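Below is target_13.txt, holding compact mmCIF, N, CA and C atoms.
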# COMPACT_ATOMS: atom_id res chain seq x y z
N MET A 1 47.36 153.06 128.53
CA MET A 1 47.44 151.78 129.17
C MET A 1 46.06 151.15 129.21
N GLY A 2 46.04 149.87 128.98
CA GLY A 2 44.77 149.15 128.96
C GLY A 2 44.33 148.72 130.34
N ASP A 3 43.14 148.30 130.38
CA ASP A 3 42.52 147.78 131.59
C ASP A 3 42.84 146.28 131.67
N PHE A 4 43.00 145.75 132.89
CA PHE A 4 43.27 144.32 133.04
C PHE A 4 42.21 143.48 132.34
N ALA A 5 40.98 143.95 132.33
CA ALA A 5 39.90 143.22 131.66
C ALA A 5 40.21 143.01 130.18
N ASP A 6 41.04 143.88 129.60
CA ASP A 6 41.42 143.72 128.19
C ASP A 6 42.14 142.40 127.94
N CYS A 7 42.76 141.83 128.98
CA CYS A 7 43.45 140.54 128.82
C CYS A 7 42.48 139.43 128.43
N PHE A 8 41.20 139.64 128.74
CA PHE A 8 40.20 138.61 128.46
C PHE A 8 39.46 138.87 127.15
N ALA A 9 39.77 140.00 126.51
CA ALA A 9 39.14 140.30 125.22
C ALA A 9 39.77 139.42 124.15
N ASN A 10 38.93 138.90 123.28
CA ASN A 10 39.45 138.05 122.20
C ASN A 10 40.11 138.89 121.13
N VAL A 11 41.30 138.46 120.72
CA VAL A 11 42.06 139.13 119.67
C VAL A 11 42.53 138.08 118.66
N GLU A 12 42.81 138.54 117.47
CA GLU A 12 43.33 137.63 116.45
C GLU A 12 44.81 137.41 116.70
N PHE A 13 45.19 136.18 116.94
CA PHE A 13 46.59 135.84 117.21
C PHE A 13 47.40 135.79 115.94
N GLY A 14 46.80 135.31 114.89
CA GLY A 14 47.49 135.19 113.60
C GLY A 14 46.49 134.90 112.51
N LYS A 15 46.87 135.18 111.29
CA LYS A 15 45.98 134.97 110.15
C LYS A 15 45.54 133.50 110.08
N GLY A 16 44.24 133.30 110.02
CA GLY A 16 43.70 131.95 109.92
C GLY A 16 43.53 131.24 111.25
N LEU A 17 43.97 131.86 112.35
CA LEU A 17 43.82 131.25 113.67
C LEU A 17 42.60 131.86 114.35
N PRO A 18 41.96 131.13 115.26
CA PRO A 18 40.79 131.68 115.94
C PRO A 18 41.18 132.82 116.87
N LYS A 19 40.21 133.69 117.14
CA LYS A 19 40.45 134.75 118.12
C LYS A 19 40.50 134.11 119.50
N VAL A 20 41.42 134.60 120.31
CA VAL A 20 41.62 134.06 121.66
C VAL A 20 41.88 135.20 122.63
N PRO A 21 41.65 134.96 123.94
CA PRO A 21 42.01 135.98 124.93
C PRO A 21 43.52 136.24 124.89
N ARG A 22 43.91 137.47 125.21
CA ARG A 22 45.33 137.82 125.28
C ARG A 22 46.04 137.04 126.39
N LEU A 23 45.27 136.61 127.35
CA LEU A 23 45.83 135.88 128.48
C LEU A 23 46.18 134.46 128.04
N ALA A 24 47.46 134.12 128.16
CA ALA A 24 47.92 132.77 127.78
C ALA A 24 47.97 131.88 129.00
N LEU A 25 47.77 130.61 128.76
CA LEU A 25 47.90 129.60 129.81
C LEU A 25 49.35 129.13 129.82
N GLY A 26 50.07 129.45 130.88
CA GLY A 26 51.45 128.99 131.03
C GLY A 26 51.47 127.57 131.59
N THR A 27 52.48 126.80 131.22
CA THR A 27 52.48 125.38 131.58
C THR A 27 53.66 124.94 132.45
N ALA A 28 54.46 125.89 132.91
CA ALA A 28 55.63 125.49 133.71
C ALA A 28 55.21 124.66 134.93
N GLY A 29 54.24 125.14 135.68
CA GLY A 29 53.78 124.42 136.87
C GLY A 29 53.13 123.09 136.52
N LEU A 30 52.39 123.06 135.42
CA LEU A 30 51.74 121.81 134.99
C LEU A 30 52.75 120.75 134.60
N GLY A 31 53.92 121.20 134.17
CA GLY A 31 54.98 120.27 133.79
C GLY A 31 55.86 119.84 134.95
N GLY A 32 55.67 120.46 136.10
CA GLY A 32 56.42 120.07 137.28
C GLY A 32 57.69 120.85 137.53
N VAL A 33 57.78 122.06 137.00
CA VAL A 33 59.00 122.85 137.19
C VAL A 33 59.25 123.17 138.67
N TRP A 34 58.19 123.28 139.46
CA TRP A 34 58.33 123.61 140.88
C TRP A 34 58.05 122.42 141.77
N GLY A 35 58.03 121.24 141.20
CA GLY A 35 57.78 120.03 141.98
C GLY A 35 56.92 119.06 141.19
N LYS A 36 56.98 117.83 141.58
CA LYS A 36 56.28 116.77 140.85
C LYS A 36 54.78 117.04 140.77
N LYS A 37 54.21 116.82 139.58
CA LYS A 37 52.79 117.00 139.35
C LYS A 37 52.20 115.71 138.78
N ASP A 38 50.96 115.45 139.10
CA ASP A 38 50.24 114.33 138.52
C ASP A 38 49.87 114.70 137.08
N GLU A 39 50.36 113.91 136.11
CA GLU A 39 50.13 114.24 134.71
C GLU A 39 48.65 114.25 134.36
N GLY A 40 47.88 113.33 134.90
CA GLY A 40 46.44 113.31 134.63
C GLY A 40 45.76 114.58 135.10
N GLU A 41 46.17 115.07 136.27
CA GLU A 41 45.61 116.32 136.79
C GLU A 41 46.00 117.49 135.89
N SER A 42 47.24 117.52 135.45
CA SER A 42 47.70 118.60 134.57
C SER A 42 46.96 118.58 133.25
N ILE A 43 46.73 117.40 132.70
CA ILE A 43 45.97 117.28 131.45
C ILE A 43 44.53 117.78 131.68
N GLY A 44 43.97 117.45 132.83
CA GLY A 44 42.63 117.93 133.17
C GLY A 44 42.56 119.45 133.23
N VAL A 45 43.58 120.09 133.78
CA VAL A 45 43.63 121.55 133.84
C VAL A 45 43.68 122.13 132.43
N LEU A 46 44.52 121.56 131.58
CA LEU A 46 44.59 122.03 130.19
C LEU A 46 43.25 121.88 129.49
N HIS A 47 42.64 120.72 129.61
CA HIS A 47 41.35 120.49 128.95
C HIS A 47 40.27 121.44 129.48
N ASP A 48 40.27 121.69 130.78
CA ASP A 48 39.30 122.61 131.36
C ASP A 48 39.51 124.03 130.82
N ALA A 49 40.75 124.47 130.77
CA ALA A 49 41.05 125.81 130.25
C ALA A 49 40.64 125.91 128.78
N TRP A 50 40.98 124.91 127.99
CA TRP A 50 40.63 124.94 126.56
C TRP A 50 39.12 124.93 126.38
N THR A 51 38.41 124.16 127.19
CA THR A 51 36.95 124.12 127.12
C THR A 51 36.36 125.50 127.39
N ARG A 52 36.98 126.25 128.27
CA ARG A 52 36.50 127.59 128.64
C ARG A 52 36.96 128.67 127.67
N GLY A 53 37.69 128.29 126.63
CA GLY A 53 38.09 129.25 125.60
C GLY A 53 39.48 129.80 125.74
N PHE A 54 40.21 129.37 126.77
CA PHE A 54 41.58 129.83 126.93
C PHE A 54 42.49 128.93 126.10
N LEU A 55 42.51 129.20 124.79
CA LEU A 55 43.20 128.33 123.85
C LEU A 55 44.67 128.68 123.67
N LEU A 56 45.07 129.91 124.01
CA LEU A 56 46.47 130.32 123.84
C LEU A 56 47.30 129.66 124.94
N THR A 57 48.14 128.71 124.56
CA THR A 57 48.89 127.88 125.50
C THR A 57 50.37 128.05 125.25
N ASP A 58 51.10 128.44 126.29
CA ASP A 58 52.53 128.68 126.18
C ASP A 58 53.29 127.63 126.97
N THR A 59 54.32 127.06 126.35
CA THR A 59 55.11 126.03 127.01
C THR A 59 56.57 126.18 126.60
N SER A 60 57.40 125.25 127.05
CA SER A 60 58.81 125.27 126.72
C SER A 60 59.42 123.91 127.09
N PRO A 61 60.42 123.45 126.33
CA PRO A 61 61.10 122.22 126.74
C PRO A 61 61.87 122.42 128.05
N ASN A 62 62.07 123.67 128.47
CA ASN A 62 62.77 123.95 129.73
C ASN A 62 61.84 123.90 130.94
N TYR A 63 60.55 123.69 130.72
CA TYR A 63 59.60 123.64 131.82
C TYR A 63 59.39 122.20 132.26
N ALA A 64 60.47 121.56 132.68
CA ALA A 64 60.42 120.16 133.15
C ALA A 64 59.73 119.29 132.11
N ASN A 65 58.60 118.70 132.45
CA ASN A 65 57.90 117.77 131.56
C ASN A 65 56.74 118.43 130.80
N ALA A 66 56.70 119.77 130.77
CA ALA A 66 55.54 120.49 130.25
C ALA A 66 55.23 120.16 128.79
N GLU A 67 56.23 120.12 127.92
CA GLU A 67 55.92 119.83 126.51
C GLU A 67 55.32 118.43 126.34
N ASN A 68 55.80 117.48 127.11
CA ASN A 68 55.23 116.13 127.04
C ASN A 68 53.78 116.12 127.55
N VAL A 69 53.52 116.84 128.62
CA VAL A 69 52.16 116.93 129.16
C VAL A 69 51.23 117.58 128.14
N VAL A 70 51.68 118.69 127.55
CA VAL A 70 50.86 119.37 126.54
C VAL A 70 50.62 118.44 125.35
N GLY A 71 51.65 117.73 124.91
CA GLY A 71 51.50 116.79 123.81
C GLY A 71 50.49 115.69 124.13
N ASP A 72 50.55 115.14 125.34
CA ASP A 72 49.58 114.11 125.75
C ASP A 72 48.17 114.69 125.82
N ALA A 73 48.06 115.92 126.32
CA ALA A 73 46.74 116.57 126.40
C ALA A 73 46.18 116.81 125.00
N LEU A 74 47.02 117.22 124.07
CA LEU A 74 46.57 117.46 122.69
C LEU A 74 46.06 116.16 122.05
N ARG A 75 46.76 115.07 122.29
CA ARG A 75 46.35 113.79 121.70
C ARG A 75 45.01 113.30 122.25
N LYS A 76 44.65 113.73 123.45
CA LYS A 76 43.40 113.31 124.08
C LYS A 76 42.29 114.35 123.92
N TRP A 77 42.55 115.41 123.19
CA TRP A 77 41.63 116.55 123.07
C TRP A 77 40.87 116.47 121.75
N SER A 78 39.56 116.74 121.80
CA SER A 78 38.76 116.70 120.57
C SER A 78 38.06 118.02 120.29
N GLY A 79 38.32 119.04 121.08
CA GLY A 79 37.68 120.34 120.88
C GLY A 79 38.47 121.22 119.91
N ALA A 80 38.20 122.52 119.98
CA ALA A 80 38.89 123.50 119.13
C ALA A 80 40.39 123.42 119.38
N ALA A 81 41.15 123.51 118.31
CA ALA A 81 42.61 123.38 118.42
C ALA A 81 43.21 124.54 119.21
N PRO A 82 43.94 124.24 120.26
CA PRO A 82 44.63 125.31 121.00
C PRO A 82 45.69 125.98 120.13
N ILE A 83 45.94 127.24 120.42
CA ILE A 83 47.04 127.96 119.78
C ILE A 83 48.25 127.72 120.67
N LEU A 84 49.28 127.17 120.08
CA LEU A 84 50.41 126.66 120.84
C LEU A 84 51.68 127.44 120.56
N THR A 85 52.28 127.96 121.64
CA THR A 85 53.58 128.61 121.52
C THR A 85 54.58 127.87 122.41
N THR A 86 55.82 127.83 121.96
CA THR A 86 56.88 127.22 122.74
C THR A 86 58.16 128.03 122.52
N LYS A 87 59.24 127.54 123.04
CA LYS A 87 60.50 128.29 122.99
C LYS A 87 61.67 127.37 122.61
N THR A 88 62.74 128.01 122.19
CA THR A 88 64.01 127.31 122.00
C THR A 88 65.04 128.01 122.87
N GLU A 89 66.12 127.33 123.14
CA GLU A 89 67.23 127.97 123.83
C GLU A 89 67.85 128.98 122.89
N GLY A 90 68.21 130.11 123.42
CA GLY A 90 68.82 131.15 122.60
C GLY A 90 70.31 130.96 122.43
N TYR A 91 70.91 131.93 121.83
CA TYR A 91 72.33 131.92 121.50
C TYR A 91 73.20 131.73 122.74
N LYS A 92 72.78 132.33 123.83
CA LYS A 92 73.58 132.34 125.05
C LYS A 92 73.77 130.95 125.66
N HIS A 93 72.74 130.10 125.61
CA HIS A 93 72.79 128.85 126.33
C HIS A 93 72.61 127.59 125.48
N TYR A 94 72.58 127.74 124.18
CA TYR A 94 72.29 126.55 123.37
C TYR A 94 73.44 125.55 123.46
N GLU A 95 73.08 124.29 123.32
CA GLU A 95 74.08 123.23 123.33
C GLU A 95 74.05 122.54 121.97
N PRO A 96 74.99 122.90 121.11
CA PRO A 96 74.98 122.36 119.75
C PRO A 96 75.41 120.90 119.70
N ALA A 97 74.84 120.19 118.75
CA ALA A 97 75.33 118.85 118.44
C ALA A 97 76.66 119.04 117.68
N ASP A 98 77.37 117.97 117.43
CA ASP A 98 78.66 118.06 116.74
C ASP A 98 78.55 118.86 115.46
N GLY A 99 79.31 119.95 115.36
CA GLY A 99 79.38 120.75 114.15
C GLY A 99 78.14 121.58 113.88
N GLU A 100 77.20 121.61 114.80
CA GLU A 100 75.94 122.32 114.58
C GLU A 100 76.11 123.82 114.82
N GLN A 101 75.51 124.63 113.97
CA GLN A 101 75.49 126.07 114.14
C GLN A 101 74.27 126.45 114.99
N TRP A 102 74.28 127.66 115.52
CA TRP A 102 73.22 128.14 116.39
C TRP A 102 71.85 128.03 115.73
N ILE A 103 71.70 128.49 114.51
CA ILE A 103 70.41 128.46 113.83
C ILE A 103 69.96 127.01 113.59
N ASP A 104 70.93 126.13 113.33
CA ASP A 104 70.60 124.71 113.17
C ASP A 104 70.10 124.11 114.49
N SER A 105 70.67 124.57 115.60
CA SER A 105 70.24 124.12 116.91
C SER A 105 68.79 124.53 117.16
N MET A 106 68.44 125.77 116.79
CA MET A 106 67.06 126.22 116.95
C MET A 106 66.11 125.37 116.11
N ALA A 107 66.50 125.08 114.87
CA ALA A 107 65.66 124.26 113.99
C ALA A 107 65.48 122.86 114.58
N ARG A 108 66.55 122.30 115.13
CA ARG A 108 66.47 120.97 115.75
C ARG A 108 65.53 121.00 116.95
N GLN A 109 65.66 122.02 117.79
CA GLN A 109 64.79 122.13 118.96
C GLN A 109 63.32 122.28 118.54
N TYR A 110 63.09 123.06 117.50
CA TYR A 110 61.73 123.22 116.96
C TYR A 110 61.17 121.86 116.53
N ASP A 111 61.97 121.12 115.76
CA ASP A 111 61.53 119.80 115.28
C ASP A 111 61.23 118.85 116.44
N GLU A 112 62.04 118.90 117.49
CA GLU A 112 61.82 118.05 118.65
C GLU A 112 60.50 118.40 119.34
N SER A 113 60.20 119.70 119.42
CA SER A 113 58.93 120.13 120.02
C SER A 113 57.75 119.67 119.17
N VAL A 114 57.84 119.82 117.86
CA VAL A 114 56.76 119.40 116.97
C VAL A 114 56.49 117.91 117.15
N LYS A 115 57.53 117.12 117.31
CA LYS A 115 57.35 115.68 117.53
C LYS A 115 56.60 115.42 118.85
N ARG A 116 56.93 116.18 119.89
CA ARG A 116 56.25 115.98 121.17
C ARG A 116 54.76 116.34 121.07
N PHE A 117 54.45 117.35 120.26
CA PHE A 117 53.06 117.80 120.11
C PHE A 117 52.30 117.04 119.04
N ALA A 118 53.02 116.42 118.12
CA ALA A 118 52.40 115.73 116.97
C ALA A 118 51.51 116.68 116.17
N ARG A 119 51.94 117.93 116.09
CA ARG A 119 51.23 118.95 115.30
C ARG A 119 52.11 120.18 115.17
N PRO A 120 51.81 121.07 114.24
CA PRO A 120 52.63 122.28 114.10
C PRO A 120 52.51 123.21 115.31
N ILE A 121 53.49 124.07 115.45
CA ILE A 121 53.52 125.08 116.50
C ILE A 121 53.06 126.40 115.88
N ASP A 122 52.25 127.17 116.62
CA ASP A 122 51.72 128.41 116.09
C ASP A 122 52.62 129.61 116.36
N GLY A 123 53.46 129.53 117.37
CA GLY A 123 54.37 130.63 117.71
C GLY A 123 55.61 130.09 118.37
N LEU A 124 56.74 130.69 118.06
CA LEU A 124 58.02 130.24 118.61
C LEU A 124 58.78 131.45 119.15
N ALA A 125 59.28 131.32 120.37
CA ALA A 125 60.08 132.37 120.99
C ALA A 125 61.44 131.79 121.34
N MET A 126 62.41 132.67 121.52
CA MET A 126 63.76 132.24 121.86
C MET A 126 64.08 132.71 123.27
N HIS A 127 64.46 131.78 124.13
CA HIS A 127 64.96 132.14 125.47
C HIS A 127 66.37 132.68 125.33
N ASP A 128 66.73 133.62 126.17
CA ASP A 128 68.11 134.12 126.29
C ASP A 128 68.74 134.48 124.96
N ALA A 129 68.13 135.42 124.29
CA ALA A 129 68.64 135.84 122.97
C ALA A 129 69.94 136.64 123.07
N ASN A 130 70.28 137.14 124.25
CA ASN A 130 71.48 137.99 124.34
C ASN A 130 72.71 137.16 124.26
Could I get this structure in the form of structure tokens?
Amino acid sequence: MGDFADCFANVEFGKGLPKVPRLALGTAGLGGVWGKKDEGESIGVLHDAWTRGFLLTDTSPNYANAENVVGDALRKWSGAAPILTTKTEGYKHYEPADGEQWIDSMARQYDESVKRFARPIDGLAMHDAN
């Protein structure tokens, strides 16, 4: 078992991506999942974290307004590109469009997230895969 300090050690997230701490910045609270948040303040938190090297940023369209906040923060950011992960609804809870298959729903959700960020996503996870 590792030491908690290992969470702050820089590791390679993926080929061609910068090394980042294992500790990811979660955005549920910044998006207002637990109550209304000031978007400017949330963007400031993201920018401060990114400035300090915490580039691994995790979000989800299920975190209230989090993907929109992250997208707005990215558009106003001029530093090193954050490593961005998000999620799609899994098989258990997905809501397909007319005639849409589960995998097509995931692709659609991915495309919607990319539009909110106006850039590619570095990692994608699936909620509720069971």
Those of region 2-129 of chain A in DSSP strand (DSSP E), formatted as number ranges by chain: A: 10-12, 19-21, 25-26, 56-58, 83-89, 123-127
Output, as JSON, the centre and edge lengths in Å (one decimal) of the axis-aligned box that contains all listed atoms of region 30-34 of chain A with 5 Å of margin on each side.
{"center_x": 55.5, "center_y": 121.7, "center_z": 137.8, "size_x": 17.5, "size_y": 13.8, "size_z": 18.0}
Atom pair CA of Arg75 (chain A) / CA of Gly123 (chain A): separation (Å): 19.1 Å
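Nearest to Trp34 (chain A) of all the residues A:Phe13, A:Gln101, A:Pro82, A:Ala64 is A:Ala64, counting only N, CA and C atoms.
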Top pick for closest residue to Ile43 (chain A), considering A:Lys19, A:Ser113, A:Val70, A:Ala28 and counting all atoms listed in the file: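 Among A:Lys19, A:Ser113, A:Val70, A:Ala28, it is A:Val70 that comes nearest to Ile43 (chain A).
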Spatial neighbours of Ala125 (chain A), 8 Å, all atoms listed in the file, chain gap at least 4 places, as a PDB file with N, CA and C atoms, keeping the file's coordinate frame:
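See out_2.pdb below for the written result:
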ATOM      1  N   THR A  85      52.280 127.960 121.640  1.00  0.00           N
ATOM      2  CA  THR A  85      53.580 128.610 121.520  1.00  0.00           C
ATOM      3  C   THR A  85      54.580 127.870 122.410  1.00  0.00           C
ATOM      4  N   THR A  86      55.820 127.830 121.960  1.00  0.00           N
ATOM      5  CA  THR A  86      56.880 127.220 122.740  1.00  0.00           C
ATOM      6  C   THR A  86      58.160 128.030 122.520  1.00  0.00           C
ATOM      7  N   LYS A  87      59.240 127.540 123.040  1.00  0.00           N
ATOM      8  CA  LYS A  87      60.500 128.290 122.990  1.00  0.00           C
ATOM      9  C   LYS A  87      61.670 127.370 122.610  1.00  0.00           C
ATOM     10  N   THR A  88      62.740 128.010 122.190  1.00  0.00           N
ATOM     11  CA  THR A  88      64.010 127.310 122.000  1.00  0.00           C
ATOM     12  C   THR A  88      65.040 128.010 122.870  1.00  0.00           C
ATOM     13  N   GLU A  89      66.120 127.330 123.140  1.00  0.00           N
ATOM     14  CA  GLU A  89      67.230 127.970 123.830  1.00  0.00           C
ATOM     15  C   GLU A  89      67.850 128.980 122.890  1.00  0.00           C
ATOM     16  N   GLY A  90      68.210 130.110 123.420  1.00  0.00           N
ATOM     17  CA  GLY A  90      68.820 131.150 122.600  1.00  0.00           C
ATOM     18  C   GLY A  90      70.310 130.960 122.430  1.00  0.00           C
TER      19      GLY A  90
END
Computed interatomic separation between CA of Leu56 (chain A) and CA of Gly26 (chain A) (Å):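 Taking CA of Leu56 (chain A) and CA of Gly26 (chain A), their separation equals 8.8 Å.
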Selection: 12 Å around Trp77 (chain A), only C-alpha atoms, excl. self and same-chain fewer than 4 positions, as a PyMOL selection string: chain A and resi 43-44+46-51+55+70-73+81-82+117
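Separating CA of Asp3 (chain A) from CA of Leu25 (chain A) is a distance of 19.0 Å.
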Nearest to Ser60 (chain A) by atom-to-atom distance, counting all atoms listed in the file, from A:Pro18, A:Cys7, A:Glu100, A:Thr27: A:Thr27
